[in-house]
Amino acid sequence: MNKISVIIPYYKKIKFFEQSLNSVLNQTYKNFEVIVIYDDKNIKDLYKIKLILKKKQKKIKLIINNKNLGAGPSRNKAAKLAVGKYLAFIDSDDLWMPNKLKSQLQFMKERNLKISHTSYLIIDEKKKIIGKRYAKDEQTYFSLINSCDIGLSTVLIEKKLFLNNQFSTNKTKEDYATWLKISKKIPIYGLNEYLVLWRKTKNSLSSNNYQKLYDAFDIYYRKENFSFFKSLFCVINLSLTFLVKKYL
């Protein structure tokens, strides 16, 4: 029974943190560890986080950053300390269905996969479903260039593969750069089951469209080494694809 290390970065999501943590602790698959990495300067939130962790029966590792590193570097830091064969990521306001880890690991073993993602539902702050994204059976580098359909909180990946393809330092889309790197080597397969609830909040970085456009251009231009105009074209194409998915 392979161990999974679940990594939860924390930054300004105290309202939802315990719900997210409970969705992990209530998994039907039990061979996992939880690593919470605190990337906030708010001492009050840290005190609350410690109280929440203390009352849980399962031992949970808490890593406290000396300064704000950002989501990508924080996850990288936790991954290096993880003991599991696999890594799973969940943001501190998202939720997992109880069978998320069990179903996904079984899917990967049946196909001999090193990485996979799942379909997910989009919810608002009151847990109302406002959208959905389905996981395509196969994601290649060329399909990902046009549309990033991999939800970070849905991914399960072998630790060894991740450590060779860590998240970037971008404020947003730090995971996108990693999926592009991996997809150059192997396809990324999807399990079309809605196993994750991705929460859209008003003040999150993932809702900041200007930041996402900037980071997308940076990934294409500096990390993928596209020309300026090709990078600009890809950003426009990515944005148009997003709008189509949003209103379907």
# chains A, B, ... in the order shown; residues from 1 in each chain; ligands from 1
$ residues_around --residues "A:Tyr214" --least-positions-apart "3" --cutoff "10 Å" --atoms "only C-alpha atoms" --output "PDB file with N, CA and C atoms, in the first residue's frame"
ATOM      1  N   ASN A 170       6.441  31.795 -10.106  1.00  0.00           N
ATOM      2  CA  ASN A 170       5.373  32.709 -10.513  1.00  0.00           C
ATOM      3  C   ASN A 170       4.291  32.790  -9.436  1.00  0.00           C
ATOM      4  N   LYS A 171       3.663  33.942  -9.311  1.00  0.00           N
ATOM      5  CA  LYS A 171       2.610  34.111  -8.302  1.00  0.00           C
ATOM      6  C   LYS A 171       1.376  33.276  -8.641  1.00  0.00           C
ATOM      7  N   THR A 172       1.070  33.165  -9.929  1.00  0.00           N
ATOM      8  CA  THR A 172      -0.015  32.290 -10.379  1.00  0.00           C
ATOM      9  C   THR A 172       0.540  31.389 -11.487  1.00  0.00           C
ATOM     10  N   LYS A 173      -0.213  30.367 -11.838  1.00  0.00           N
ATOM     11  CA  LYS A 173       0.177  29.450 -12.917  1.00  0.00           C
ATOM     12  C   LYS A 173       1.520  28.767 -12.681  1.00  0.00           C
ATOM     13  N   ASN A 209      -6.972  38.368 -12.818  1.00  0.00           N
ATOM     14  CA  ASN A 209      -6.766  38.134 -14.247  1.00  0.00           C
ATOM     15  C   ASN A 209      -5.499  38.787 -14.776  1.00  0.00           C
ATOM     16  N   TYR A 210      -5.163  39.972 -14.280  1.00  0.00           N
ATOM     17  CA  TYR A 210      -3.949  40.662 -14.744  1.00  0.00           C
ATOM     18  C   TYR A 210      -2.701  39.867 -14.379  1.00  0.00           C
ATOM     19  N   GLN A 211      -2.682  39.356 -13.152  1.00  0.00           N
ATOM     20  CA  GLN A 211      -1.535  38.561 -12.713  1.00  0.00           C
ATOM     21  C   GLN A 211      -1.420  37.277 -13.525  1.00  0.00           C
ATOM     22  N   PHE A 217       2.364  34.882 -19.850  1.00  0.00           N
ATOM     23  CA  PHE A 217       3.358  35.385 -20.802  1.00  0.00           C
ATOM     24  C   PHE A 217       4.767  35.016 -20.351  1.00  0.00           C
ATOM     25  N   ASP A 218       5.039  35.156 -19.065  1.00  0.00           N
ATOM     26  CA  ASP A 218       6.361  34.823 -18.524  1.00  0.00           C
ATOM     27  C   ASP A 218       6.709  33.361 -18.771  1.00  0.00           C
ATOM     28  N   ILE A 219       5.739  32.487 -18.599  1.00  0.00           N
ATOM     29  CA  ILE A 219       5.979  31.052 -18.807  1.00  0.00           C
ATOM     30  C   ILE A 219       6.289  30.768 -20.271  1.00  0.00           C
ATOM     31  N   VAL A 235      -0.841  33.698 -25.137  1.00  0.00           N
ATOM     32  CA  VAL A 235      -1.591  34.294 -24.027  1.00  0.00           C
ATOM     33  C   VAL A 235      -3.014  34.639 -24.473  1.00  0.00           C
TER      34      VAL A 235
END
$ select_by_dssp --residues "stretch 109-172 of chain A" --states "strand (DSSP E)" --output "list in words"
Ile115, Ser116, His117, Thr118, Ser119, Tyr120, Leu121, Ile122, Ile123, Ile129, Ile130, Gly131, Lys132, Arg133, Glu138, Gln139, Leu156, Ile157 and Glu158 of chain A
$ write_last_selection --atoms "C-alpha atoms" --output "short mmCIF file (atom, residue, chain, number, x, y, z; two decimals), in the first residue's frame"
data_model
loop_
_atom_site.label_atom_id
_atom_site.label_comp_id
_atom_site.auth_asym_id
_atom_site.auth_seq_id
_atom_site.Cartn_x
_atom_site.Cartn_y
_atom_site.Cartn_z
CA ILE A 115 0.91 11.42 -12.84
CA SER A 116 -2.82 11.98 -13.25
CA HIS A 117 -5.52 14.56 -12.66
CA THR A 118 -9.30 14.43 -12.29
CA SER A 119 -12.40 16.36 -13.23
CA TYR A 120 -13.53 18.99 -10.72
CA LEU A 121 -16.49 21.17 -9.80
CA ILE A 122 -16.12 24.92 -9.26
CA ILE A 123 -17.84 26.28 -6.14
CA ILE A 129 -21.61 24.83 -7.70
CA ILE A 130 -20.95 27.50 -10.35
CA GLY A 131 -19.06 25.51 -12.96
CA LYS A 132 -17.29 22.30 -13.85
CA ARG A 133 -14.17 21.14 -15.67
CA GLU A 138 -4.90 12.51 -22.39
CA GLN A 139 -3.11 15.85 -22.14
CA LEU A 156 -1.54 12.94 -7.94
CA ILE A 157 2.11 12.53 -8.94
CA GLU A 158 5.09 10.35 -8.09
#
$ closest_residue --among "A:Leu105, A:Ile236, A:Leu180, A:Leu191" --to "A:Leu87" --atoms "only C-alpha atoms"
A:Leu105
$ residues_around --residues "stretch 185-189 of chain A" --least-positions-apart "2" --cutoff "12 Å" --atoms "only C-alpha atoms" --output "MDAnalysis selection string"
chainID A and resid 104 107:108 111:119 134:144 148:150 154:157 161 164:165 178:183 191:192
$ residues_around --residues "A:Lys56" --least-positions-apart "3" --cutoff "10 Å" --atoms "only C-alpha atoms" --output "ChimeraX atom specification"
/A:21-22,25,51-53,59-60
$ select_by_dssp --residues "stretch 29-234 of chain A" --states "helix (DSSP H, G or I)" --output "NGL selection string"
:A and (43-55 or 71-81 or 100-111 or 141-146 or 152-154 or 159-163 or 174-183 or 205-207 or 209-223 or 228-234)
$ closest_residue --among "A:Gln27, A:Glu18, A:Asp175, A:Lys223" --to "A:Lys54" --atoms "only C-alpha atoms"
A:Glu18
$ atom_distance --atom1 "atom CA of A:Ala177" --atom2 "atom CA of A:Asn99"
28.0 Å
$ closest_residue --among "A:Trp198, A:Phe167, A:Tyr221, A:Tyr176" --to "A:Asn76" --atoms "only C-alpha atoms"
A:Phe167
$ closest_residue --among "A:Phe162, A:Phe17, A:Tyr11, A:Tyr194" --to "A:Pro98" --atoms "only C-alpha atoms"
A:Tyr194
